[in-house]
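Data from work13.txt: compact mmCIF, C-alpha atoms
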```txt
# COMPACT_ATOMS: atom_id res chain seq x y z
CA MET A 1180 11.19 -93.70 37.10
CA ASN A 1181 14.17 -93.40 34.71
CA ASN A 1182 14.83 -90.73 32.11
CA LYS A 1183 13.57 -92.93 29.27
CA THR A 1184 10.19 -93.41 30.97
CA LEU A 1185 9.89 -89.67 31.61
CA SER A 1186 10.76 -88.87 27.99
CA ASN A 1187 8.08 -91.31 26.83
CA ILE A 1188 5.47 -89.50 28.96
CA PHE A 1189 6.58 -85.91 28.39
CA LYS A 1190 6.76 -86.05 24.61
CA GLY A 1191 6.68 -83.00 22.42
CA ASP A 1192 8.13 -79.52 22.74
CA LYS A 1193 9.90 -79.05 26.09
CA VAL A 1194 9.29 -75.30 26.20
CA ILE A 1195 5.51 -75.84 25.91
CA TRP A 1196 5.76 -78.35 28.75
CA MET A 1197 7.68 -75.83 30.91
CA VAL A 1198 5.10 -73.10 30.26
CA PHE A 1199 2.30 -75.52 31.08
CA PHE A 1200 3.83 -76.60 34.40
CA PHE A 1201 4.55 -73.00 35.43
CA LEU A 1202 0.89 -72.16 34.74
CA CYS A 1203 -0.21 -75.20 36.78
CA ILE A 1204 1.98 -74.23 39.74
CA ILE A 1205 0.64 -70.66 39.67
CA SER A 1206 -2.89 -72.06 39.32
CA VAL A 1207 -2.67 -74.32 42.38
CA THR A 1208 -1.09 -71.56 44.48
CA GLU A 1209 -3.53 -68.82 43.53
CA VAL A 1210 -6.68 -70.97 43.54
CA PHE A 1211 -5.76 -72.17 47.04
CA SER A 1212 -5.29 -68.56 48.10
CA ALA A 1213 -8.36 -67.17 46.33
CA SER A 1214 -10.88 -69.85 47.38
CA SER A 1215 -11.68 -68.35 50.81
CA GLU A 1216 -15.35 -67.96 49.87
CA LEU A 1217 -15.62 -71.62 48.86
CA THR A 1218 -13.79 -72.60 52.03
CA TYR A 1219 -16.27 -70.62 54.12
CA LYS A 1220 -19.30 -72.13 52.35
CA GLY A 1221 -17.97 -75.70 52.41
CA THR A 1222 -16.40 -75.49 55.90
CA SER A 1223 -13.36 -77.31 54.48
CA TYR A 1224 -10.08 -75.46 54.06
CA TRP A 1225 -8.45 -77.99 51.74
CA SER A 1226 -11.43 -79.22 49.71
CA PRO A 1227 -11.38 -76.53 46.94
CA MET A 1228 -7.65 -77.02 46.34
CA PHE A 1229 -7.85 -80.83 46.30
CA LYS A 1230 -10.74 -80.66 43.85
CA HIS A 1231 -8.78 -78.30 41.60
CA ILE A 1232 -5.65 -80.48 41.77
CA GLY A 1233 -7.81 -83.49 40.89
CA LEU A 1234 -9.14 -81.68 37.82
CA LEU A 1235 -5.59 -80.74 36.79
CA ILE A 1236 -4.50 -84.39 37.14
CA VAL A 1237 -7.43 -85.48 34.94
CA GLY A 1238 -6.51 -82.70 32.50
CA ILE A 1239 -2.86 -83.79 32.38
CA PHE A 1240 -3.94 -87.39 31.74
CA CYS A 1241 -6.16 -86.23 28.87
CA MET A 1242 -3.30 -84.09 27.57
CA VAL A 1243 -0.85 -87.03 27.57
CA VAL A 1244 -3.42 -89.18 25.74
CA THR A 1245 -4.04 -86.41 23.19
CA LEU A 1246 -0.37 -85.72 22.45
CA ASN A 1247 0.07 -89.38 21.52
CA ILE A 1248 -2.61 -89.11 18.82
CA LYS A 1249 -1.31 -88.42 15.32
CA CYS A 1250 -2.56 -85.22 13.68
CA LYS A 1251 -4.28 -87.05 10.83
CA TYR A 1252 -6.74 -88.60 13.28
CA PHE A 1253 -7.97 -85.18 14.43
CA LYS A 1254 -9.51 -84.75 10.98
CA ILE A 1255 -11.55 -87.92 11.37
CA VAL A 1256 -13.37 -86.74 14.51
CA THR A 1257 -14.26 -83.29 13.10
CA PRO A 1258 -17.75 -84.20 11.73
CA PHE A 1259 -18.67 -85.99 14.97
CA LEU A 1260 -17.52 -83.04 17.11
CA ILE A 1261 -19.51 -80.59 14.97
CA PHE A 1262 -22.66 -82.70 15.36
CA ILE A 1263 -22.14 -83.15 19.12
CA SER A 1264 -21.40 -79.44 19.58
CA ILE A 1265 -24.53 -78.26 17.74
CA VAL A 1266 -26.80 -80.75 19.54
CA THR A 1267 -25.44 -79.91 23.00
CA LEU A 1268 -25.52 -76.15 22.35
CA ILE A 1269 -29.20 -76.35 21.40
CA TRP A 1270 -29.89 -78.68 24.31
CA VAL A 1271 -28.24 -76.40 26.86
CA MET A 1272 -30.34 -73.47 25.61
CA ILE A 1273 -33.53 -75.47 26.18
CA ALA A 1274 -32.79 -77.46 29.31
CA GLY A 1275 -29.38 -76.39 30.59
CA GLN A 1276 -28.43 -75.47 34.14
CA SER A 1277 -28.52 -71.72 34.73
CA THR A 1278 -25.63 -69.77 36.26
CA ASN A 1279 -25.89 -65.99 36.66
CA ASP A 1280 -29.04 -65.96 34.49
CA ALA A 1281 -27.33 -67.86 31.65
CA ASN A 1282 -27.89 -71.48 30.56
CA ARG A 1283 -24.33 -72.73 30.14
CA TRP A 1284 -24.14 -76.11 31.88
CA LEU A 1285 -25.30 -79.53 30.77
CA TRP A 1286 -24.61 -82.52 33.01
CA GLY A 1287 -21.78 -80.70 34.71
CA PHE A 1288 -19.92 -79.52 31.60
CA GLN A 1289 -20.06 -76.49 29.31
CA PRO A 1290 -20.80 -77.35 25.66
CA SER A 1291 -19.34 -74.00 24.58
CA GLU A 1292 -15.88 -75.17 25.70
CA VAL A 1293 -16.06 -78.14 23.33
CA ALA A 1294 -17.57 -75.97 20.59
CA LYS A 1295 -14.63 -73.52 20.72
CA GLY A 1296 -12.09 -76.21 19.95
CA THR A 1297 -14.37 -77.80 17.36
CA ILE A 1298 -14.66 -74.53 15.41
CA VAL A 1299 -10.88 -74.07 15.47
CA LEU A 1300 -10.36 -77.68 14.35
CA ALA A 1301 -12.88 -77.40 11.50
CA THR A 1302 -11.53 -73.99 10.41
CA ALA A 1303 -7.98 -75.39 10.27
CA GLN A 1304 -9.23 -78.26 8.12
CA ILE A 1305 -11.10 -75.89 5.76
CA LEU A 1306 -8.15 -73.53 5.35
CA SER A 1307 -5.67 -76.35 4.76
CA ALA A 1308 -7.92 -78.06 2.19
CA GLN A 1309 -8.37 -74.80 0.24
CA GLN A 1310 -4.71 -73.75 0.13
CA THR A 1311 -3.25 -72.85 -3.28
CA GLU A 1312 0.01 -71.26 -4.39
CA ASN A 1313 -1.67 -67.84 -4.25
CA GLY A 1314 -3.29 -68.31 -0.85
CA ALA A 1315 -6.61 -69.74 0.26
CA GLY A 1316 -9.26 -70.31 -2.39
CA LYS A 1317 -12.52 -68.36 -2.41
CA ASN A 1318 -14.43 -71.31 -1.01
CA ALA A 1319 -12.34 -71.27 2.18
CA PHE A 1320 -13.97 -67.98 3.19
CA LYS A 1321 -17.46 -69.24 2.32
CA TYR A 1322 -17.13 -72.56 4.13
CA THR A 1323 -15.66 -70.90 7.24
CA LEU A 1324 -18.56 -68.44 7.41
CA LEU A 1325 -21.05 -71.31 7.02
CA LEU A 1326 -19.37 -73.17 9.85
CA CYS A 1327 -19.41 -70.16 12.18
CA SER A 1328 -22.96 -69.10 11.28
CA GLY A 1329 -24.15 -72.61 12.18
CA MET A 1330 -22.57 -72.65 15.65
CA VAL A 1331 -21.65 -69.19 16.93
CA PRO A 1332 -25.26 -67.84 17.24
CA PHE A 1333 -26.15 -70.64 19.69
CA ILE A 1334 -23.15 -69.68 21.82
CA MET A 1335 -23.83 -65.94 21.54
CA LEU A 1336 -27.32 -66.05 23.04
CA GLU A 1337 -26.01 -67.48 26.32
CA ASN A 1338 -22.38 -66.35 26.28
CA LEU A 1339 -21.67 -63.27 24.16
CA SER A 1340 -18.03 -62.94 25.23
CA THR A 1341 -17.22 -66.53 24.21
CA ALA A 1342 -18.87 -65.96 20.82
CA ALA A 1343 -16.80 -62.79 20.33
CA LEU A 1344 -13.65 -64.67 21.36
CA ILE A 1345 -14.27 -67.41 18.79
CA CYS A 1346 -14.97 -64.89 16.02
CA ILE A 1347 -11.72 -63.02 16.75
CA VAL A 1348 -9.71 -66.26 16.72
CA VAL A 1349 -11.31 -67.48 13.47
CA PHE A 1350 -10.61 -64.11 11.83
CA MET A 1351 -6.92 -64.31 12.86
CA MET A 1352 -6.78 -67.88 11.54
CA MET A 1353 -8.12 -66.67 8.17
CA VAL A 1354 -5.40 -64.01 8.10
CA ILE A 1355 -2.76 -66.67 8.80
CA GLY A 1356 -4.49 -68.97 6.27
CA ARG A 1357 -3.98 -66.33 3.54
CA VAL A 1358 -7.65 -65.62 2.87
CA SER A 1359 -7.83 -62.66 0.47
CA ALA A 1360 -7.73 -59.18 2.00
CA LYS A 1361 -10.78 -58.19 -0.06
CA GLN A 1362 -12.90 -60.93 1.50
CA LEU A 1363 -11.63 -60.13 4.99
CA GLY A 1364 -12.39 -56.44 4.45
CA LYS A 1365 -15.98 -57.26 3.48
CA LEU A 1366 -16.24 -59.48 6.55
CA LEU A 1367 -15.09 -56.64 8.81
CA GLY A 1368 -17.76 -54.41 7.29
CA ILE A 1369 -20.45 -57.05 7.90
CA ILE A 1370 -19.23 -57.58 11.47
CA ALA A 1371 -19.37 -53.83 12.09
CA LEU A 1372 -22.97 -53.68 10.86
CA ILE A 1373 -23.95 -56.70 12.98
CA GLY A 1374 -22.17 -55.16 15.96
CA VAL A 1375 -24.11 -51.92 15.59
CA PHE A 1376 -27.37 -53.87 15.24
CA VAL A 1377 -26.70 -56.02 18.33
CA PHE A 1378 -25.56 -52.99 20.35
CA THR A 1379 -28.73 -51.08 19.40
CA LEU A 1380 -30.91 -54.09 20.21
CA VAL A 1381 -29.24 -54.52 23.61
CA MET A 1382 -29.67 -50.85 24.51
CA ILE A 1383 -33.36 -50.90 23.45
CA VAL A 1384 -34.47 -54.28 24.81
CA GLY A 1385 -32.20 -54.52 27.84
CA GLN A 1386 -32.80 -52.92 31.21
CA ASP A 1387 -29.77 -51.86 33.22
CA LYS A 1388 -29.81 -53.87 36.43
CA ASN A 1389 -28.46 -50.80 38.20
CA ASP A 1390 -31.80 -49.09 37.46
CA LEU A 1391 -33.83 -51.67 39.36
CA ASN A 1392 -35.31 -50.59 42.70
CA PRO A 1393 -32.54 -51.07 45.30
CA GLN A 1394 -35.15 -51.43 48.03
CA LYS A 1395 -36.58 -54.60 46.47
CA ASN A 1396 -35.07 -58.02 46.05
CA LEU A 1397 -33.01 -58.09 42.81
CA THR A 1398 -33.89 -61.71 42.05
CA GLU A 1399 -37.63 -61.08 42.48
CA GLN A 1400 -37.46 -58.06 40.15
CA THR A 1401 -35.53 -60.03 37.54
CA GLU A 1402 -38.02 -62.93 37.68
CA ALA A 1403 -40.95 -60.50 37.49
CA LYS A 1404 -39.42 -58.89 34.40
CA LYS A 1405 -38.98 -62.33 32.78
CA GLU A 1406 -42.69 -63.06 33.19
CA SER A 1407 -43.68 -59.80 31.49
CA ILE A 1408 -41.37 -59.86 28.47
CA GLY A 1409 -42.26 -60.81 24.92
CA PRO A 1410 -40.93 -63.63 22.71
CA ILE A 1411 -38.06 -61.58 21.24
CA GLU A 1412 -36.89 -60.55 24.70
CA LYS A 1413 -37.08 -64.18 25.87
CA VAL A 1414 -34.61 -65.16 23.15
CA PHE A 1415 -32.32 -62.29 24.12
CA HIS A 1416 -32.86 -62.67 27.87
CA ARG A 1417 -29.21 -61.83 28.55
CA THR A 1418 -29.62 -58.27 27.28
CA ASP A 1419 -30.08 -56.92 30.84
CA THR A 1420 -26.65 -58.22 31.84
CA TRP A 1421 -25.03 -57.03 28.60
CA LYS A 1422 -26.53 -53.55 28.93
CA SER A 1423 -25.51 -53.09 32.56
CA ARG A 1424 -21.93 -54.13 31.78
CA ILE A 1425 -21.75 -51.80 28.75
CA ASP A 1426 -23.19 -48.89 30.74
CA LYS A 1427 -20.72 -49.42 33.57
CA PHE A 1428 -17.76 -49.60 31.20
CA MET A 1429 -18.79 -46.65 29.02
CA SER A 1430 -19.96 -44.33 31.81
CA GLY A 1431 -16.49 -42.76 32.04
CA LYS A 1432 -17.27 -41.28 35.43
CA GLU A 1433 -14.43 -41.03 37.89
CA VAL A 1434 -15.72 -42.10 41.28
CA ALA A 1435 -13.87 -41.28 44.47
CA PRO A 1436 -12.93 -44.38 46.53
CA GLN A 1437 -15.30 -43.38 49.35
CA ASP A 1438 -18.19 -43.02 46.89
CA VAL A 1439 -17.89 -46.49 45.29
CA ASP A 1440 -21.03 -48.58 45.80
CA LEU A 1441 -19.56 -51.92 46.83
CA ASN A 1442 -22.97 -53.60 46.71
CA LYS A 1443 -23.56 -52.61 43.08
CA ASP A 1444 -20.03 -52.68 41.65
CA ALA A 1445 -18.42 -55.15 44.03
CA GLN A 1446 -16.48 -57.20 41.47
CA VAL A 1447 -14.83 -54.32 39.65
CA ALA A 1448 -14.37 -52.21 42.79
CA HIS A 1449 -12.61 -54.93 44.78
CA ALA A 1450 -10.50 -55.92 41.76
CA ASN A 1451 -9.31 -52.30 41.54
CA ILE A 1452 -8.60 -52.26 45.27
CA ALA A 1453 -6.61 -55.50 44.96
CA ILE A 1454 -4.45 -54.03 42.18
CA ALA A 1455 -3.98 -50.67 43.88
CA SER A 1456 -3.02 -52.24 47.21
CA SER A 1457 -0.34 -54.48 45.70
CA ASN A 1458 2.26 -51.70 46.13
CA VAL A 1459 4.12 -52.92 43.00
CA VAL A 1460 5.92 -55.78 44.79
CA GLY A 1461 2.79 -57.53 46.05
CA LYS A 1462 1.77 -58.82 49.46
CA GLY A 1463 3.13 -62.31 48.94
CA PRO A 1464 1.37 -65.59 48.07
CA GLY A 1465 -1.57 -66.29 50.37
CA ASN A 1466 -1.74 -62.76 51.77
CA SER A 1467 -4.56 -61.38 49.63
CA VAL A 1468 -7.23 -59.36 51.41
CA GLU A 1469 -9.66 -58.75 48.55
CA ARG A 1470 -10.17 -62.49 47.91
CA ASP A 1471 -12.65 -62.41 50.80
CA PHE A 1472 -14.78 -59.83 48.96
CA LEU A 1473 -14.50 -60.97 45.33
CA SER A 1474 -17.08 -63.66 44.62
CA GLN A 1475 -15.13 -64.80 41.52
CA ALA A 1476 -11.64 -64.32 42.96
CA PHE A 1477 -10.70 -67.90 42.01
CA SER A 1478 -12.09 -67.60 38.46
CA ASP A 1479 -12.90 -64.46 36.46
CA PHE A 1480 -10.85 -62.07 38.64
CA ILE A 1481 -7.95 -64.31 39.62
CA TYR A 1482 -5.52 -62.06 37.71
CA ALA A 1483 -6.35 -59.22 40.14
CA ILE A 1484 -5.48 -61.55 43.04
CA ILE A 1485 -2.22 -62.51 41.28
CA ILE A 1486 -1.30 -58.81 41.03
CA GLU A 1487 -2.26 -58.20 44.67
CA GLU A 1488 -0.11 -61.09 45.91
CA MET A 1489 2.74 -61.24 43.37
CA GLY A 1490 2.90 -57.59 42.31
CA ILE A 1491 3.59 -56.18 38.88
CA GLU A 1492 6.49 -58.61 38.43
CA GLY A 1493 4.18 -61.59 38.93
CA ALA A 1494 1.59 -60.11 36.56
CA ILE A 1495 4.24 -59.61 33.85
CA PHE A 1496 5.59 -63.13 34.41
CA VAL A 1497 2.13 -64.67 33.92
CA ALA A 1498 1.54 -62.57 30.79
CA MET A 1499 4.95 -63.61 29.43
CA LEU A 1500 4.07 -67.30 29.84
CA TYR A 1501 1.15 -66.88 27.44
CA ILE A 1502 3.30 -64.87 25.02
CA ILE A 1503 5.98 -67.60 25.08
CA LEU A 1504 3.26 -70.20 24.43
CA LEU A 1505 2.08 -68.27 21.38
CA PHE A 1506 5.53 -67.61 19.88
CA ARG A 1507 6.74 -71.14 20.58
CA THR A 1508 3.67 -72.53 18.84
CA GLY A 1509 4.47 -70.22 15.93
CA ARG A 1510 7.92 -71.80 15.64
CA ILE A 1511 6.36 -75.26 15.75
CA ALA A 1512 3.90 -74.27 13.01
CA ASN A 1513 6.76 -73.02 10.82
CA ARG A 1514 8.39 -76.47 11.00
CA CYS A 1515 5.22 -78.26 9.84
CA GLU A 1516 5.33 -79.59 6.28
CA ASN A 1517 1.53 -79.73 6.02
CA SER A 1518 -0.73 -76.74 6.56
CA PHE A 1519 -3.42 -78.49 8.64
CA PRO A 1520 -1.34 -79.15 11.79
CA ALA A 1521 0.19 -75.67 11.49
CA PHE A 1522 -3.23 -73.97 11.33
CA LEU A 1523 -4.60 -76.19 14.11
CA ALA A 1524 -1.75 -75.49 16.52
CA MET A 1525 -1.81 -71.75 15.84
CA GLY A 1526 -5.60 -71.62 16.17
CA LEU A 1527 -5.56 -73.31 19.59
CA ALA A 1528 -2.67 -71.16 20.80
CA LEU A 1529 -4.50 -68.02 19.65
CA LEU A 1530 -7.63 -69.25 21.43
CA LEU A 1531 -5.80 -69.70 24.75
CA VAL A 1532 -3.81 -66.47 24.52
CA THR A 1533 -6.73 -64.31 23.34
CA GLN A 1534 -8.90 -65.61 26.18
CA ALA A 1535 -6.10 -64.84 28.63
CA LEU A 1536 -5.89 -61.32 27.19
CA PHE A 1537 -9.67 -60.92 27.65
CA ASN A 1538 -9.40 -61.95 31.29
CA MET A 1539 -6.43 -59.70 32.03
CA CYS A 1540 -8.07 -56.66 30.40
CA VAL A 1541 -11.21 -57.18 32.51
CA ALA A 1542 -9.19 -57.53 35.71
CA VAL A 1543 -7.33 -54.24 35.16
CA GLY A 1544 -10.41 -52.37 33.93
CA LEU A 1545 -9.54 -52.14 30.21
CA ALA A 1546 -12.63 -54.12 29.11
CA PRO A 1547 -16.17 -54.69 30.39
CA VAL A 1548 -16.76 -57.74 32.59
CA THR A 1549 -16.98 -60.79 30.32
CA GLY A 1550 -16.90 -63.85 32.56
CA GLN A 1551 -13.93 -65.41 30.76
CA PRO A 1552 -11.63 -67.42 33.10
CA LEU A 1553 -7.84 -67.24 32.85
CA PRO A 1554 -6.86 -70.39 30.87
CA LEU A 1555 -4.99 -73.06 32.85
CA ILE A 1556 -4.95 -70.85 35.97
CA SER A 1557 -8.54 -70.10 36.99
CA LYS A 1558 -10.47 -72.73 38.90
CA GLY A 1559 -12.75 -74.60 36.56
CA GLY A 1560 -14.18 -77.95 35.56
CA THR A 1561 -14.77 -78.38 31.85
CA SER A 1562 -12.53 -75.45 30.93
CA THR A 1563 -9.53 -76.83 32.84
CA ILE A 1564 -9.72 -80.26 31.19
CA ILE A 1565 -10.50 -78.93 27.70
CA ASN A 1566 -7.63 -76.40 27.88
CA CYS A 1567 -5.28 -79.25 28.79
CA VAL A 1568 -6.52 -81.12 25.72
CA TYR A 1569 -5.78 -78.03 23.59
CA VAL A 1570 -2.19 -78.03 24.88
CA GLY A 1571 -2.03 -81.77 24.16
CA VAL A 1572 -2.98 -81.12 20.53
CA ILE A 1573 -0.23 -78.48 20.24
CA LEU A 1574 2.27 -80.98 21.71
CA SER A 1575 1.08 -83.63 19.24
CA VAL A 1576 1.76 -81.20 16.38
CA SER A 1577 5.19 -80.42 17.85
CA ARG A 1578 6.03 -84.13 17.91
CA SER A 1579 5.21 -84.64 14.22
CA ALA A 1580 7.01 -81.42 13.24
CA LYS A 1581 10.11 -82.40 15.21
CA LYS A 1582 10.14 -85.90 13.70
CA LYS A 1583 9.97 -84.52 10.17
CA ALA A 1584 12.75 -82.03 10.95
CA LEU A 1585 14.96 -84.87 12.25
CA ASP A 1586 14.18 -86.97 9.18
CA LYS A 1587 15.30 -84.08 6.96
CA GLU A 1588 18.55 -83.75 8.91
CA GLU A 1589 19.25 -87.47 8.53
CA GLU A 1590 18.54 -87.29 4.79
CA ALA A 1591 20.90 -84.32 4.48
CA LYS A 1592 23.63 -86.21 6.36
CA GLU A 1593 23.18 -89.29 4.18
CA SER A 1594 23.35 -87.23 0.99
CA LEU A 1595 26.57 -85.58 2.20
CA ALA A 1596 28.05 -88.95 3.12
CA THR A 1597 27.31 -90.42 -0.30
CA ALA A 1598 28.51 -87.33 -2.18
```
As structure tokens - that is how I would like this structure written.
Amino acid sequence: MNNKTLSNIFKGDKVIWMVFFFLCIISVTEVFSASSELTYKGTSYWSPMFKHIGLLIVGIFCMVVTLNIKCKYFKIVTPFLIFISIVTLIWVMIAGQSTNDANRWLWGFQPSEVAKGTIVLATAQILSAQQTENGAGKNAFKYTLLLCSGMVPFIMLENLSTAALICIVVFMMMVIGRVSAKQLGKLLGIIALIGVFVFTLVMIVGQDKNDLNPQKNLTEQTEAKKESIGPIEKVFHRTDTWKSRIDKFMSGKEVAPQDVDLNKDAQVAHANIAIASSNVVGKGPGNSVERDFLSQAFSDFIYAIIIEEMGIEGAIFVAMLYIILLFRTGRIANRCENSFPAFLAMGLALLLVTQALFNMCVAVGLAPVTGQPLPLISKGGTSTIINCVYVGVILSVSRSAKKKALDKEEEAKESLATA
């Protein structure tokens, strides 16, 4: 394969490509190391890694296809994606596959992953269409709220952290899209009121799972509670999980290592042990101990395993990759002549980086457990492929921005030559 063939495949910004491949290398290494539980259950040492590599290959293929699509065509698919997202989100609530007491899966994929990108795509289109010399028009704020109010509630009932993630990203996009500060201030006030209402509802309706009888089977107690709850509680059936996570995070009690209940707080406890036992420099790739005790070591808590094996230096390196991705996308957005590709690229970069920040904060104990995987590193199915598509969109934007920049340079050279 010659250089010309490679350049035809790896189009777009080279720095984004480098960041992506570094994340993939770290992903394969750490998922292979952290999948001891899956290895034990499946009696195959290599199967989890081969499956993950297969998903990455599919993701890279989808990314290459996406980066070859011109930005103007992303606008065309927006109405279809909105319709598909709403239908699948409602469908998964009614007849989806349940994981950890939440209906998030439909035919092997998570509709919320598609919905996240759809909301960012539609928001970018709204903000770009409403741009004026003095910033975004008043309708931009109204249309964005209508979009979010039509999709986010369906996500929130089954996945509160994903709904919060989307709302944060959309708010940052409106700031970048020059929506008036007055409107954004009102929105923050409304969000605060809704937050207080939801928090109060969770604390009233929800039952802390830590308060259930430890002598009885937890699943049986949870099922028994489901049978006895009313219609409002059935809609907000995730309140038990939300309340227990909030109570754990806000308790503020310092517990001595010997007093930690590893049956009740296993995830957080073993993540803390993994970080504390890294001894700054780490134990080396493949030498994690806590992976055998963390049920989500390959997904939600993979950052704790990265710290345990690669030390603080490895943790900083991974964090820097996401920061580079964000700032590089910012440079690409600045080169865009049109606002739509600029808003789209920044929205997707903010989505990836904010989700990574969520995951990292949970792993080091700065946020309650949310269930958000580390983008492009954690083992996943739908999320891995969809995140690759997001990077493909950013690369597509970088291609068009670079082409326009080169055209300007050629025009400048021609004007100088004729002068």
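With only C-alpha atoms as the atoms that count, the residue of A:Gly1493, A:Gly1461, A:Pro1547, A:Pro1552 with the shortest distance to Asp1479 of chain A is A:Pro1552.
For the choices A:Pro1332, A:Ser1214, A:Ala1535, A:Gly1571, the atom-to-atom distance to Leu1555 of chain A is smallest for A:Ala1535 when using all atoms listed in the file.
In terms of minimum interatomic distance to Ile1273 of chain A, A:Leu1336 ranks closest within A:Met1525, A:Leu1336, A:Leu1545, A:Ile1373, counting all atoms listed in the file.
Residue nearest Met1335 of chain A within the list A:Lys1295, A:Lys1321, A:Arg1514, A:Lys1361: A:Lys1295 [criterion: smallest interatomic distance, all atoms listed in the file].
Using only C-alpha atoms, every residue with an atom at most 8 Å from the point (0.0, -63.0, 45.2) is listed here: Glu1209, Gly1461, Lys1462, Gly1463, Pro1464, Gly1465, Asn1466, Ser1467, Ile1484, Ile1485, Ile1486, Glu1487, Glu1488, Met1489, Gly1490 and Gly1493 of chain A.
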Nearby residues (only C-alpha atoms) at most 8 Å from segment 1195-1197 of chain A, same-chain spacing under 3 positions excluded, as a PyMOL selection string: chain A and resi 1189+1191-1192+1200-1201+1504+1507+1574
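Residues in contact range of Phe1480 of chain A, defined as at most 8 Å between all atoms listed in the file, with sequence neighbours fewer than 2 positions away removed, read Gln1446, Ala1450, Leu1473, Gln1475, Ala1476, Phe1477, Ser1478, Tyr1482, Ala1483, Ile1484, Asn1538, Val1541, Ala1542 and Pro1552 of chain A.
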One decimal, Å: what's the distance from atom CA of Gly1550 of chain A over to atom CA of Ile1345 of chain A, could you say? 14.5 Å
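Minimum atom-to-atom distances from A:Leu1235, A:Ser1456, A:Val1243, A:Glu1469 to Val1570 of chain A were compared using only C-alpha atoms, and the lowest value belongs to A:Val1243.
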Give me the segment 1299-1394 of chain A side of the contact with segment 1516-1520 of chain A, cut-off 6 Å, one line per residue showing its nearest atom pair and distance in Å at one decimal, counting only C-alpha atoms, sorted by chain and residue number, as a Markdown table.
```
| residue | atom | partner | partner_atom | distance |
| --- | --- | --- | --- | --- |
| A:Ala1303 | CA | A:Phe1519 | CA | 5.7 |
| A:Gln1304 | CA | A:Phe1519 | CA | 5.8 |
| A:Ser1307 | CA | A:Phe1519 | CA | 5.0 |
```
Go ahead and dump the residues you just picked, C-alpha atoms, as a CSV table (one decimal), in the frame of the given file.
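File written: again-v8.csv
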```csv
chain,number,residue,atom,x,y,z
A,1303,ALA,CA,-8.0,-75.4,10.3
A,1304,GLN,CA,-9.2,-78.3,8.1
A,1307,SER,CA,-5.7,-76.4,4.8
```
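Going from atom CA of Glu1312 of chain A over to atom CA of Val1348 of chain A, you cover 23.8 Å.
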Any chance you could build segment 1466-1479 of chain A out to N, CA and C atoms and write it as a PDB file, keeping the file's coordinate frame?
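The resulting file, selection_5.pdb, is shown below:
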```
ATOM      1  N   ASN A1466      -1.486 -63.926  50.914  1.00  0.00           N
ATOM      2  CA  ASN A1466      -1.740 -62.760  51.770  1.00  0.00           C
ATOM      3  C   ASN A1466      -2.766 -61.795  51.180  1.00  0.00           C
ATOM      4  N   SER A1467      -3.536 -62.245  50.216  1.00  0.00           N
ATOM      5  CA  SER A1467      -4.560 -61.380  49.630  1.00  0.00           C
ATOM      6  C   SER A1467      -5.640 -61.035  50.654  1.00  0.00           C
ATOM      7  N   VAL A1468      -6.125 -59.813  50.563  1.00  0.00           N
ATOM      8  CA  VAL A1468      -7.230 -59.360  51.410  1.00  0.00           C
ATOM      9  C   VAL A1468      -8.537 -59.356  50.619  1.00  0.00           C
ATOM     10  N   GLU A1469      -8.461 -58.922  49.358  1.00  0.00           N
ATOM     11  CA  GLU A1469      -9.660 -58.750  48.550  1.00  0.00           C
ATOM     12  C   GLU A1469     -10.280 -60.073  48.106  1.00  0.00           C
ATOM     13  N   ARG A1470      -9.582 -61.184  48.258  1.00  0.00           N
ATOM     14  CA  ARG A1470     -10.170 -62.490  47.910  1.00  0.00           C
ATOM     15  C   ARG A1470     -11.423 -62.778  48.723  1.00  0.00           C
ATOM     16  N   ASP A1471     -11.498 -62.187  49.937  1.00  0.00           N
ATOM     17  CA  ASP A1471     -12.650 -62.410  50.800  1.00  0.00           C
ATOM     18  C   ASP A1471     -13.876 -61.629  50.343  1.00  0.00           C
ATOM     19  N   PHE A1472     -13.684 -60.679  49.414  1.00  0.00           N
ATOM     20  CA  PHE A1472     -14.780 -59.830  48.960  1.00  0.00           C
ATOM     21  C   PHE A1472     -15.144 -60.044  47.499  1.00  0.00           C
ATOM     22  N   LEU A1473     -14.254 -60.683  46.734  1.00  0.00           N
ATOM     23  CA  LEU A1473     -14.500 -60.970  45.330  1.00  0.00           C
ATOM     24  C   LEU A1473     -15.135 -62.341  45.190  1.00  0.00           C
ATOM     25  N   SER A1474     -16.386 -62.374  44.716  1.00  0.00           N
ATOM     26  CA  SER A1474     -17.080 -63.660  44.620  1.00  0.00           C
ATOM     27  C   SER A1474     -16.461 -64.579  43.564  1.00  0.00           C
ATOM     28  N   GLN A1475     -15.789 -64.005  42.564  1.00  0.00           N
ATOM     29  CA  GLN A1475     -15.130 -64.800  41.520  1.00  0.00           C
ATOM     30  C   GLN A1475     -13.613 -64.622  41.574  1.00  0.00           C
ATOM     31  N   ALA A1476     -13.092 -64.515  42.800  1.00  0.00           N
ATOM     32  CA  ALA A1476     -11.640 -64.320  42.960  1.00  0.00           C
ATOM     33  C   ALA A1476     -10.846 -65.490  42.407  1.00  0.00           C
ATOM     34  N   PHE A1477     -11.405 -66.696  42.466  1.00  0.00           N
ATOM     35  CA  PHE A1477     -10.700 -67.900  42.010  1.00  0.00           C
ATOM     36  C   PHE A1477     -10.927 -68.177  40.526  1.00  0.00           C
ATOM     37  N   SER A1478     -11.742 -67.339  39.859  1.00  0.00           N
ATOM     38  CA  SER A1478     -12.090 -67.600  38.460  1.00  0.00           C
ATOM     39  C   SER A1478     -11.879 -66.367  37.590  1.00  0.00           C
ATOM     40  N   ASP A1479     -12.951 -65.569  37.408  1.00  0.00           N
ATOM     41  CA  ASP A1479     -12.900 -64.460  36.460  1.00  0.00           C
ATOM     42  C   ASP A1479     -11.905 -63.376  36.866  1.00  0.00           C
TER      43      ASP A1479
END
```
